[in-house]
Structures are given as structure tokens and as C-alpha cells.
file upload_18.txt (compact mmCIF, C-alpha atoms)
# COMPACT_ATOMS: atom_id res chain seq x y z
CA MET V 6 0.00 0.00 0.00
CA ASP V 7 1.29 3.42 -0.86
CA MET V 8 1.01 5.43 2.32
CA GLN V 9 0.22 9.05 1.63
CA ARG V 10 2.23 11.12 4.06
CA GLU V 11 1.39 14.58 5.12
CA PRO V 12 4.07 17.04 4.09
CA LEU V 13 6.46 17.61 6.94
CA SER V 14 6.80 21.30 6.25
CA ALA V 15 5.92 23.88 3.68
CA ASP V 16 9.18 23.12 1.87
CA TYR V 17 8.22 20.16 -0.28
CA VAL V 18 7.58 19.38 -3.91
CA GLU V 19 6.14 16.29 -5.61
CA MET V 20 5.99 15.52 -9.32
CA ARG V 21 4.92 12.55 -11.42
CA PHE V 22 5.81 12.39 -15.10
CA GLY V 23 6.56 10.05 -17.98
CA PRO V 24 10.05 8.53 -18.11
CA ARG V 25 11.45 10.85 -20.78
CA TRP V 26 15.07 11.88 -20.64
CA THR V 27 14.39 15.40 -21.83
CA TYR V 28 12.37 16.21 -18.70
CA ILE V 29 15.26 15.50 -16.33
CA SER V 30 17.19 18.68 -17.04
CA CYS V 31 14.02 20.68 -16.56
CA VAL V 32 13.35 19.04 -13.17
CA ARG V 33 16.97 19.54 -12.08
CA ARG V 34 16.84 23.26 -12.74
CA PHE V 35 13.44 23.58 -11.07
CA VAL V 36 14.59 21.70 -7.95
CA ALA V 37 17.71 23.87 -7.70
CA SER V 38 15.66 27.06 -7.91
CA PHE V 39 13.02 25.76 -5.50
CA PHE V 40 15.49 24.83 -2.79
CA MET V 41 17.64 27.88 -3.36
CA ILE V 42 14.60 29.73 -2.06
CA GLY V 43 13.52 27.13 0.51
CA LEU V 44 16.93 26.61 2.08
CA ALA V 45 18.71 29.85 1.24
CA ASP V 46 21.79 27.67 0.72
CA LYS V 47 23.07 27.56 -2.86
CA GLU V 48 25.49 24.70 -2.27
CA ARG V 49 22.89 22.45 -0.62
CA ALA V 50 20.34 23.32 -3.31
CA GLU V 51 22.82 22.35 -6.05
CA GLN V 52 23.68 19.09 -4.26
CA ILE V 53 19.99 18.24 -3.92
CA SER V 54 19.32 19.00 -7.58
CA MET V 55 22.35 16.95 -8.65
CA ALA V 56 21.06 14.01 -6.60
CA ALA V 57 17.57 14.41 -8.07
CA SER V 58 19.06 14.43 -11.58
CA GLU V 59 21.23 11.34 -11.01
CA LEU V 60 18.35 9.39 -9.43
CA LEU V 61 16.01 10.33 -12.28
CA GLU V 62 18.61 9.36 -14.89
CA ASN V 63 18.94 5.94 -13.27
CA ALA V 64 15.19 5.56 -13.10
CA VAL V 65 14.73 6.39 -16.79
CA LYS V 66 17.54 4.06 -17.86
CA TYR V 67 16.17 1.13 -15.93
CA ALA V 68 12.43 1.81 -15.86
CA SER V 69 10.03 -0.98 -16.71
CA GLU V 70 8.64 -0.42 -20.19
CA GLU V 71 5.14 -1.25 -18.96
CA ASP V 72 3.34 1.30 -16.83
CA GLY V 73 6.20 3.76 -17.14
CA TYR V 74 6.25 6.70 -14.74
CA LEU V 75 8.62 8.57 -12.49
CA LYS V 76 7.66 10.11 -9.20
CA ILE V 77 9.90 12.49 -7.37
CA SER V 78 9.20 13.99 -3.99
CA ILE V 79 11.47 16.25 -2.03
CA GLN V 80 10.61 17.15 1.53
CA LYS V 81 12.37 19.25 4.07
CA ALA V 82 12.02 18.23 7.70
CA ALA V 83 13.52 19.91 10.74
CA ASN V 84 17.03 18.64 10.17
CA GLU V 85 17.11 16.92 6.78
CA VAL V 86 15.91 16.96 3.19
CA ASP V 87 14.68 13.70 1.69
CA VAL V 88 14.85 13.34 -2.10
CA CYS V 89 12.87 10.28 -3.18
CA VAL V 90 12.51 8.92 -6.72
CA LYS V 91 10.07 6.09 -7.40
CA ASN V 92 9.47 4.01 -10.49
CA ARG V 93 8.57 0.50 -11.51
CA ALA V 94 11.51 -1.65 -12.56
CA GLU V 95 12.14 -5.15 -13.84
CA PRO V 96 13.10 -7.76 -11.17
CA ASN V 97 16.62 -8.15 -12.55
CA HIS V 98 17.20 -4.44 -12.12
CA VAL V 99 16.02 -4.63 -8.51
CA ASN V 100 18.68 -7.26 -7.86
CA THR V 101 21.31 -5.16 -9.62
CA LEU V 102 20.39 -2.19 -7.44
CA ARG V 103 20.60 -4.24 -4.23
CA ARG V 104 24.11 -5.36 -5.23
CA GLU V 105 25.07 -1.79 -6.10
CA PHE V 106 23.87 -0.51 -2.72
CA ALA V 107 25.88 -3.19 -0.92
CA LEU V 108 28.96 -2.31 -2.98
CA ILE V 109 28.90 1.44 -2.47
CA HIS V 110 28.37 1.06 1.27
CA ALA V 111 31.22 -1.43 1.63
CA GLY V 112 34.02 1.08 2.10
CA GLU V 113 35.07 4.65 2.56
CA PRO V 114 33.06 6.63 -0.04
CA GLU V 115 35.99 8.39 -1.72
CA LYS V 116 37.93 5.15 -2.17
CA VAL V 117 34.85 3.38 -3.49
CA TYR V 118 34.18 6.26 -5.89
CA LEU V 119 37.73 6.25 -7.27
CA LYS V 120 37.70 2.46 -7.61
CA LYS V 121 34.40 2.53 -9.45
CA MET V 122 35.75 5.24 -11.77
CA GLU V 123 38.77 3.11 -12.60
CA GLU V 124 36.62 0.06 -13.22
CA ALA V 125 34.12 2.01 -15.33
CA ALA V 126 36.93 3.35 -17.53
CA MET V 127 37.88 -0.22 -18.42
CA THR V 128 34.42 -1.35 -19.44
CA GLU V 129 31.89 -0.32 -22.04
CA GLY V 130 28.36 0.74 -21.20
CA GLN V 131 26.73 2.64 -18.35
CA SER V 132 28.84 4.58 -15.88
CA ARG V 133 27.10 3.32 -12.70
CA LEU V 134 28.70 6.26 -10.93
CA GLY V 135 25.49 8.12 -10.08
CA LEU V 136 24.75 6.62 -6.65
CA ILE V 137 28.28 6.76 -5.33
CA ARG V 138 28.56 10.31 -6.63
CA ILE V 139 25.54 11.26 -4.50
CA LEU V 140 27.02 9.47 -1.51
CA PHE V 141 30.49 11.00 -1.78
CA GLU V 142 30.14 14.34 -3.54
CA ALA V 143 26.81 15.39 -2.06
CA GLN V 144 27.40 13.59 1.25
CA ALA V 145 23.86 12.25 1.38
CA ARG V 146 22.67 8.99 2.92
CA LEU V 147 21.07 6.59 0.48
CA ARG V 148 18.23 4.16 1.13
CA LEU V 149 16.58 1.65 -1.18
CA ASP V 150 13.01 0.42 -0.64
CA VAL V 151 11.25 -2.06 -2.89
CA ASN V 152 7.52 -2.56 -2.63
CA ASP V 153 5.68 -4.82 -5.07
CA GLY V 154 7.89 -3.97 -8.03
CA GLU V 155 8.08 -0.27 -7.26
CA ILE V 156 11.54 1.00 -6.36
CA SER V 157 12.06 3.99 -4.09
CA ILE V 158 15.52 5.44 -3.73
CA HIS V 159 16.00 8.09 -1.09
CA ALA V 160 18.91 10.52 -0.89
CA ILE V 161 18.79 12.12 2.54
CA PHE V 162 20.68 15.31 3.23
CA PRO V 163 21.41 16.45 6.76
CA LEU V 164 20.86 20.15 7.35
CA GLU V 165 22.84 22.40 9.60
CA GLN V 166 20.90 23.13 12.78
CA SER V 167 20.10 26.82 12.88
CA MET H 56 48.99 29.39 -31.32
CA SER H 57 49.17 25.63 -31.58
CA ASP H 58 48.86 23.83 -34.91
CA ALA H 59 46.63 21.17 -33.40
CA ASN H 60 43.80 20.33 -35.75
CA ILE H 61 40.75 20.23 -33.52
CA SER H 62 37.33 21.47 -34.50
CA PRO H 63 35.06 23.21 -32.01
CA LEU H 64 32.06 21.29 -30.76
CA ASN H 65 28.59 22.77 -30.57
CA THR H 66 25.67 20.46 -29.94
CA GLU H 67 22.94 19.47 -27.47
CA GLY H 68 23.47 22.43 -25.16
CA LEU H 69 27.23 21.91 -25.03
CA SER H 70 30.03 23.91 -26.63
CA VAL H 71 33.76 23.33 -26.73
CA ALA H 72 35.86 26.16 -28.16
CA VAL H 73 39.51 25.85 -29.08
CA GLN H 74 41.50 28.89 -27.92
CA PRO H 75 45.01 30.14 -28.60
CA GLY H 76 47.06 28.66 -25.79
CA GLY H 77 50.65 29.69 -26.44
CA ALA H 78 53.68 27.52 -27.12
CA ASN H 79 53.13 23.86 -26.31
CA VAL H 80 49.78 24.66 -24.73
CA LEU H 81 46.41 23.58 -26.04
CA LYS H 82 43.46 25.38 -24.52
CA LEU H 83 39.82 24.32 -24.70
CA THR H 84 36.88 26.13 -23.16
CA VAL H 85 33.77 24.13 -22.34
CA SER H 86 30.38 25.74 -21.72
CA GLY H 87 26.75 24.73 -21.32
CA ALA H 88 25.81 21.43 -19.69
CA VAL H 89 26.53 17.75 -20.18
CA GLU H 90 23.25 16.04 -19.40
CA MET H 91 22.46 14.07 -22.52
CA ARG H 92 21.69 10.37 -22.23
CA ASP H 93 24.87 9.16 -23.88
CA PRO H 94 27.59 11.81 -23.60
CA GLY H 95 30.18 9.14 -24.30
CA GLY H 96 28.95 8.83 -27.89
CA LEU H 97 29.81 12.48 -28.39
CA LEU H 98 32.67 13.18 -25.99
CA ASN H 99 34.75 9.99 -25.98
CA PRO H 100 35.77 10.42 -29.64
CA TYR H 101 36.21 14.17 -29.13
CA TRP H 102 38.53 13.81 -26.13
CA SER H 103 40.40 11.04 -28.00
CA ARG H 104 40.95 13.46 -30.87
CA VAL H 105 42.27 16.09 -28.46
CA ASP H 106 44.57 13.51 -26.91
CA GLU H 107 45.91 12.43 -30.32
CA GLU H 108 46.46 16.00 -31.49
CA ALA H 109 48.16 16.99 -28.26
CA ARG H 110 50.64 14.14 -28.70
CA ARG H 111 51.09 14.68 -32.46
CA THR H 112 51.94 18.34 -31.97
CA GLY H 113 54.08 17.79 -28.88
CA MET H 114 51.88 19.69 -26.44
CA LYS H 115 53.11 19.65 -22.88
CA ARG H 116 49.98 21.14 -21.38
CA VAL H 117 46.29 20.81 -22.24
CA GLU H 118 44.05 23.29 -20.42
CA LEU H 119 40.40 22.39 -20.15
CA ASP H 120 38.47 25.37 -18.86
CA LEU H 121 35.26 24.03 -17.32
CA ARG H 122 34.16 27.14 -15.46
CA ASP H 123 31.18 27.80 -17.74
CA LEU H 124 30.02 24.21 -17.69
CA ASN H 125 27.09 24.51 -15.32
CA PHE H 126 26.42 20.79 -14.93
CA MET H 127 27.92 17.45 -15.85
CA ASN H 128 26.12 14.18 -15.19
CA SER H 129 27.94 11.05 -14.06
CA SER H 130 28.06 9.69 -17.61
CA GLY H 131 29.83 12.89 -18.61
CA ILE H 132 32.23 12.50 -15.68
CA LEU H 133 33.04 9.06 -17.04
CA THR H 134 34.19 10.57 -20.36
CA LEU H 135 36.81 12.57 -18.44
CA VAL H 136 37.75 9.47 -16.45
CA ARG H 137 38.39 7.61 -19.73
CA TRP H 138 40.53 10.47 -21.04
CA ILE H 139 42.56 10.65 -17.81
CA THR H 140 42.98 6.87 -17.76
CA LYS H 141 44.39 6.99 -21.29
CA ALA H 142 46.60 10.02 -20.62
CA LYS H 143 48.31 8.43 -17.65
CA THR H 144 49.57 5.57 -19.81
CA HIS H 145 51.48 7.83 -22.23
CA SER H 146 55.25 7.55 -22.44
CA SER H 147 57.28 10.49 -21.16
CA GLN H 148 57.76 11.63 -24.77
CA ASP H 149 54.00 11.77 -25.37
CA ALA H 150 53.01 12.88 -21.90
CA TYR H 151 51.26 16.16 -21.24
CA GLN H 152 49.75 17.78 -18.20
CA LEU H 153 45.96 17.98 -18.21
CA VAL H 154 44.89 21.11 -16.36
CA LEU H 155 41.23 21.13 -15.31
CA GLN H 156 40.24 24.71 -14.58
CA TYR H 157 37.19 25.11 -12.38
CA ASP H 158 35.20 27.60 -10.36
CA ARG H 159 34.78 26.69 -6.70
CA ASN H 160 31.47 28.55 -6.62
CA VAL H 161 29.96 25.91 -8.91
CA THR H 162 29.19 23.04 -6.57
CA TRP H 163 29.63 20.11 -8.97
CA GLN H 164 32.98 21.51 -10.15
CA ARG H 165 34.34 21.99 -6.65
CA THR H 166 33.53 18.39 -5.72
CA SER H 167 34.10 16.49 -8.97
CA ILE H 168 37.26 18.07 -10.36
CA PRO H 169 39.61 17.53 -7.37
CA THR H 170 38.32 13.96 -7.17
CA LEU H 171 39.12 13.37 -10.85
CA ALA H 172 42.63 14.66 -10.26
CA LYS H 173 43.22 11.94 -7.68
CA LEU H 174 42.95 9.35 -10.44
CA ALA H 175 46.26 10.52 -11.88
CA PRO H 176 48.03 13.09 -9.69
CA ASN H 177 51.05 13.13 -12.00
CA VAL H 178 48.95 14.01 -15.03
CA VAL H 179 45.91 15.99 -13.88
CA VAL H 180 46.22 19.39 -12.24
CA PRO H 181 43.04 20.84 -10.76
CA SER H 182 43.22 24.61 -11.05
CA GLU H 183 40.76 26.71 -9.11
CA ILE H 184 40.04 30.01 -10.85
CA ASN H 185 37.21 32.04 -9.39
CA GLY H 186 35.03 34.35 -11.41

call {"tool": "encode", "arguments": {"input": "upload_18.txt", "output": "C-alpha cells"}}
result
Amino acid sequence: MDMQREPLSADYVEMRFGPRWTYISCVRRFVASFFMIGLADKERAEQISMAASELLENAVKYASEEDGYLKISIQKAANEVDVCVKNRAEPNHVNTLRREFALIHAGEPEKVYLKKMEEAAMTEGQSRLGLIRILFEAQARLRLDVNDGEISIHAIFPLEQS
Amino acid sequence: MSDANISPLNTEGLSVAVQPGGANVLKLTVSGAVEMRDPGGLLNPYWSRVDEEARRTGMKRVELDLRDLNFMNSSGILTLVRWITKAKTHSSQDAYQLVLQYDRNVTWQRTSIPTLAKLAPNVVVPSEING
């Protein structure tokens, strides 16, 4: 069951759209502008929009062809911002994502990032650098939830206590 | 000005201009954004061409000015990783320094560029230029 949560504060945005690549840039710029206002912190806003963009790119690349959609919600709570991207994905992609999560959390983020870069340079195909980039460069926590074929990936950003 | 034969690139919201760089210096200025689905299809052959021309013309320094590149997705980052990985295998005769110029006020540049430099500290020089 998809629990509908009440927004935690006035600083939230939710969107649902078709899995088209050309929309991602538009969403990234919107999210950056939105949180530039909501957080008054350019750096955090750019990190959040980068994470949103990387998560959406992954979702479009690996979305199930049937019932295609992307949902993105970004909510600010008292001490964190939660960027969540949901989509339906094929079972084999769910398994790939679980392995990827285990891999990127298996070591110190910078070392994992550099190792993944070196490995990616030696192989053809997708970069698979998006999640570790969020973890290391944006210093967000990542969480993967799977519910009846729908994947939710959260990038959670701590906020400075004011 | 160098006699390297490299054409400018202008497509899909991304531009690369070739600038006069002085003796033994090749200078490229990148602007726009790299957020297409497959930047490798466009940039891998382009960076390979730059690499070949730098070696053919005996360049000792290639400056890549990224300050006006407002975003680069992780697939775009991978194109630079491939270039750096190739450059660090060059013999001392073919070797050149790859200077990545960035603006610390652009968040992705301040985090990504110094990290890229760690892949090949003897080849890549991150150069912070504000404004």
C-alpha cells in the first residue's frame, strides 16, 4: 500500500511524469531554484538538484517499459531533506540495485568512488557512478526500498541546525 | 597558437571552443551542460581526438576550462575518467599535463574536479580560478 504522508513542512515538492530523458534537465533546474529559495543555501540546493538528476537518470535508464512513470518527492524536515525517486523496474534491475547498494556502502566513499571510476573506464556501457557520486560528492545517505515492483531510492541530506 | 587540428564542438546544449594557448599549450573552453543520455557517444571520440592531437603536436599542457560548464552528469564525468585513464599511460615523450580549470562557486565543479585529479596526480592538475 502506498502510504500518503502529510508534508512535513511547507518546503516540499512532488511531481509525477513520464520517463522521458528530456524532462530530467528541466526538473533539475526547477529543484535547484526551488530549494535555493527554501533553504537559502546555494550549495545544498545544487547538491539536492544533482542528486535528483542522477536518481532520475537511473530511473529512466532502468524503468520498466510497462506502466512507465517517475515520481519524485522532495521534503524538508527539521534537520534533513529527503529526495525520493520512485518508479517501476524489472526484477533483474532490482537485484542489480541491491548489489550496487551493498557495494557502495562497503568502504570509505571516496575510495569506493575512485575504484568505481577506474573500473568504469575499463568497461563499455553505463557509468554506474550516479549513486556513489551522491554518496560521496553530495554527502547524502542513500536508502533503497522495494515494494511490489516499485523501487524507491532516497537521498537524505542532513541540514545544519540553525 | 598551436597547430593542433581540432574542430570546435557545438551540440545538445554543449560547446567546446579551441582557444590560442601559447607555445606547447592547447586550450579548450567548455560551456553549457553535459546532461544528454549518452555523452560518451559524443565526448569519448572528441577527447580522443584532443589527446591524439596533443601528442602529435608535442603539447606539454592541455588546459580544459570548465568554469562555464554549469552541470555534468555522471556519464559525462566518465568521459573525463576515460581520457585521464588513457593520458596516464602515455610515455614520457608523449606525456602532457591535463589542467582542469574550475570555479569553486559551482558546486559540482568543486567536488568532482579535485576527485578526478586523484585518479592521476602526476597528469591531472586541478586549477581553481574564481570568477

call {"tool": "residues_around", "arguments": {"input": "upload_18.txt", "residues": "Met114 of chain H", "least_positions_apart": "6", "cutoff": "9 Å", "atoms": "all atoms listed in the file", "output": "list in words"}}
result
Ser57, Ala59, Ala78, Asn79, Val80, Leu81, Glu108, Asp149, Ala150, Tyr151 and Gln152 of chain H

call {"tool": "interface_residues", "arguments": {"input": "upload_18.txt", "of": "chain H", "to": "chain V", "cutoff": "6 Å", "atoms": "all atoms listed in the file", "output": "CSV table (one decimal) with C-alpha atoms, in the coordinates of the input"}}
result
chain,number,residue,atom,x,y,z
H,129,SER,CA,27.9,11.0,-14.1
H,130,SER,CA,28.1,9.7,-17.6
H,137,ARG,CA,38.4,7.6,-19.7
H,162,THR,CA,29.2,23.0,-6.6
H,166,THR,CA,33.5,18.4,-5.7

call {"tool": "atom_distance", "arguments": {"input": "upload_18.txt", "atom1": "atom CA of Leu97 of chain H", "atom2": "atom CA of Leu83 of chain H"}}
result
15.9 Å

call {"tool": "residues_around", "arguments": {"input": "upload_18.txt", "residues": "Tyr157 of chain H", "least_positions_apart": "6", "cutoff": "8 Å", "atoms": "all atoms listed in the file", "output": "list of chain:residue names"}}
result
H:Asp120, H:Leu121, H:Arg122, H:Gln164, H:Arg165, H:Ile168, H:Pro181, H:Ser182, H:Glu183, H:Ile184, H:Asn185

call {"tool": "atom_distance", "arguments": {"input": "upload_18.txt", "atom1": "atom CA of Glu95 of chain V", "atom2": "atom CA of Asp150 of chain V"}}
result
14.4 Å

call {"tool": "atom_distance", "arguments": {"input": "upload_18.txt", "atom1": "atom CA of Ala64 of chain V", "atom2": "atom CA of Pro96 of chain V"}}
result
13.6 Å

call {"tool": "closest_residue", "arguments": {"input": "upload_18.txt", "among": "V:Ala68, V:Ala57, V:Met41, V:Pro24", "to": "Val88 of chain V", "atoms": "only C-alpha atoms"}}
result
V:Ala57

call {"tool": "closest_residue", "arguments": {"input": "upload_18.txt", "among": "H:Asn65, H:Thr112, H:Thr84, H:Ser70", "to": "Gln148 of chain H", "atoms": "only C-alpha atoms"}}
result
H:Thr112

call {"tool": "residues_near_point", "arguments": {"input": "upload_18.txt", "point": "(11.8, 9.8, -6.4)", "cutoff": "10 Å", "atoms": "all atoms listed in the file", "output": "PDB file with C-alpha atoms, in the frame of the given file"}}
result
ATOM      1  CA  GLU V  19       6.140  16.290  -5.610  1.00  0.00           C
ATOM      2  CA  MET V  20       5.990  15.520  -9.320  1.00  0.00           C
ATOM      3  CA  ARG V  21       4.920  12.550 -11.420  1.00  0.00           C
ATOM      4  CA  ALA V  57      17.570  14.410  -8.070  1.00  0.00           C
ATOM      5  CA  LEU V  60      18.350   9.390  -9.430  1.00  0.00           C
ATOM      6  CA  LEU V  61      16.010  10.330 -12.280  1.00  0.00           C
ATOM      7  CA  ALA V  64      15.190   5.560 -13.100  1.00  0.00           C
ATOM      8  CA  LEU V  75       8.620   8.570 -12.490  1.00  0.00           C
ATOM      9  CA  LYS V  76       7.660  10.110  -9.200  1.00  0.00           C
ATOM     10  CA  ILE V  77       9.900  12.490  -7.370  1.00  0.00           C
ATOM     11  CA  SER V  78       9.200  13.990  -3.990  1.00  0.00           C
ATOM     12  CA  ILE V  79      11.470  16.250  -2.030  1.00  0.00           C
ATOM     13  CA  ASP V  87      14.680  13.700   1.690  1.00  0.00           C
ATOM     14  CA  VAL V  88      14.850  13.340  -2.100  1.00  0.00           C
ATOM     15  CA  CYS V  89      12.870  10.280  -3.180  1.00  0.00           C
ATOM     16  CA  VAL V  90      12.510   8.920  -6.720  1.00  0.00           C
ATOM     17  CA  LYS V  91      10.070   6.090  -7.400  1.00  0.00           C
ATOM     18  CA  ASN V  92       9.470   4.010 -10.490  1.00  0.00           C
ATOM     19  CA  ILE V 156      11.540   1.000  -6.360  1.00  0.00           C
ATOM     20  CA  SER V 157      12.060   3.990  -4.090  1.00  0.00           C
ATOM     21  CA  ILE V 158      15.520   5.440  -3.730  1.00  0.00           C
ATOM     22  CA  HIS V 159      16.000   8.090  -1.090  1.00  0.00           C
ATOM     23  CA  ALA V 160      18.910  10.520  -0.890  1.00  0.00           C
TER      24      ALA V 160
END

call {"tool": "residues_near_point", "arguments": {"input": "upload_18.txt", "point": "(43.8, 12.1, -21.3)", "cutoff": "10 Å", "atoms": "only C-alpha atoms", "output": "list of chain:residue names"}}
result
H:Trp102, H:Ser103, H:Val105, H:Asp106, H:Glu107, H:Ala109, H:Val117, H:Thr134, H:Leu135, H:Val136, H:Arg137, H:Trp138, H:Ile139, H:Thr140, H:Lys141, H:Ala142, H:Lys143, H:Thr144, H:His145, H:Ala150, H:Tyr151, H:Gln152, H:Leu153, H:Ala175, H:Val178, H:Val179

call {"tool": "axis_aligned_box", "arguments": {"input": "upload_18.txt", "around": "segment 25-43 of chain V", "padding_each_side": "5 Å", "output": "AutoDock Vina command-line options"}}
result
--center_x 14.6 --center_y 20.3 --center_z -10.7 --size_x 16.3 --size_y 28.9 --size_z 32.3

call {"tool": "residues_around", "arguments": {"input": "upload_18.txt", "residues": "Gly87 of chain H", "least_positions_apart": "2", "cutoff": "9 Å", "atoms": "all atoms listed in the file", "output": "short mmCIF file (atom, residue, chain, number, x, y, z; two decimals) with C-alpha atoms, in the frame of the given file"}}
result
data_model
loop_
_atom_site.label_atom_id
_atom_site.label_comp_id
_atom_site.auth_asym_id
_atom_site.auth_seq_id
_atom_site.Cartn_x
_atom_site.Cartn_y
_atom_site.Cartn_z
CA GLU H 67 22.94 19.47 -27.47
CA GLY H 68 23.47 22.43 -25.16
CA LEU H 69 27.23 21.91 -25.03
CA SER H 70 30.03 23.91 -26.63
CA VAL H 71 33.76 23.33 -26.73
CA VAL H 85 33.77 24.13 -22.34
CA VAL H 89 26.53 17.75 -20.18
CA ASP H 123 31.18 27.80 -17.74
CA LEU H 124 30.02 24.21 -17.69
CA ASN H 125 27.09 24.51 -15.32
CA PHE H 126 26.42 20.79 -14.93
#

call {"tool": "build_atoms", "arguments": {"input": "upload_18.txt", "residues": "segment 103-117 of chain V", "atoms": "N, CA and C atoms", "output": "short mmCIF file (atom, residue, chain, number, x, y, z; two decimals), in the frame of the given file"}}
result
data_model
loop_
_atom_site.label_atom_id
_atom_site.label_comp_id
_atom_site.auth_asym_id
_atom_site.auth_seq_id
_atom_site.Cartn_x
_atom_site.Cartn_y
_atom_site.Cartn_z
N ARG V 103 20.25 -3.76 -5.58
CA ARG V 103 20.60 -4.24 -4.23
C ARG V 103 22.11 -4.51 -4.15
N ARG V 104 22.66 -5.10 -5.21
CA ARG V 104 24.11 -5.36 -5.23
C ARG V 104 24.89 -4.04 -5.21
N GLU V 105 24.40 -3.09 -6.00
CA GLU V 105 25.07 -1.79 -6.10
C GLU V 105 25.07 -1.08 -4.74
N PHE V 106 23.95 -1.13 -4.04
CA PHE V 106 23.87 -0.51 -2.72
C PHE V 106 24.86 -1.16 -1.75
N ALA V 107 24.94 -2.49 -1.81
CA ALA V 107 25.88 -3.19 -0.92
C ALA V 107 27.31 -2.77 -1.25
N LEU V 108 27.61 -2.65 -2.54
CA LEU V 108 28.96 -2.31 -2.98
C LEU V 108 29.38 -0.90 -2.55
N ILE V 109 28.49 0.05 -2.75
CA ILE V 109 28.90 1.44 -2.47
C ILE V 109 28.95 1.73 -0.98
N HIS V 110 28.31 0.86 -0.18
CA HIS V 110 28.37 1.06 1.27
C HIS V 110 29.44 0.18 1.92
N ALA V 111 30.26 -0.46 1.10
CA ALA V 111 31.22 -1.43 1.63
C ALA V 111 32.57 -0.82 1.98
N GLY V 112 32.73 0.47 1.80
CA GLY V 112 34.02 1.08 2.10
C GLY V 112 33.90 2.57 2.26
N GLU V 113 35.04 3.20 2.41
CA GLU V 113 35.07 4.65 2.56
C GLU V 113 34.65 5.27 1.21
N PRO V 114 33.67 6.18 1.22
CA PRO V 114 33.06 6.63 -0.04
C PRO V 114 34.05 7.12 -1.11
N GLU V 115 35.06 7.89 -0.71
CA GLU V 115 35.99 8.39 -1.72
C GLU V 115 36.76 7.25 -2.39
N LYS V 116 37.20 6.28 -1.59
CA LYS V 116 37.93 5.15 -2.17
C LYS V 116 37.03 4.33 -3.09
N VAL V 117 35.79 4.13 -2.65
CA VAL V 117 34.85 3.38 -3.49
C VAL V 117 34.60 4.12 -4.81
#
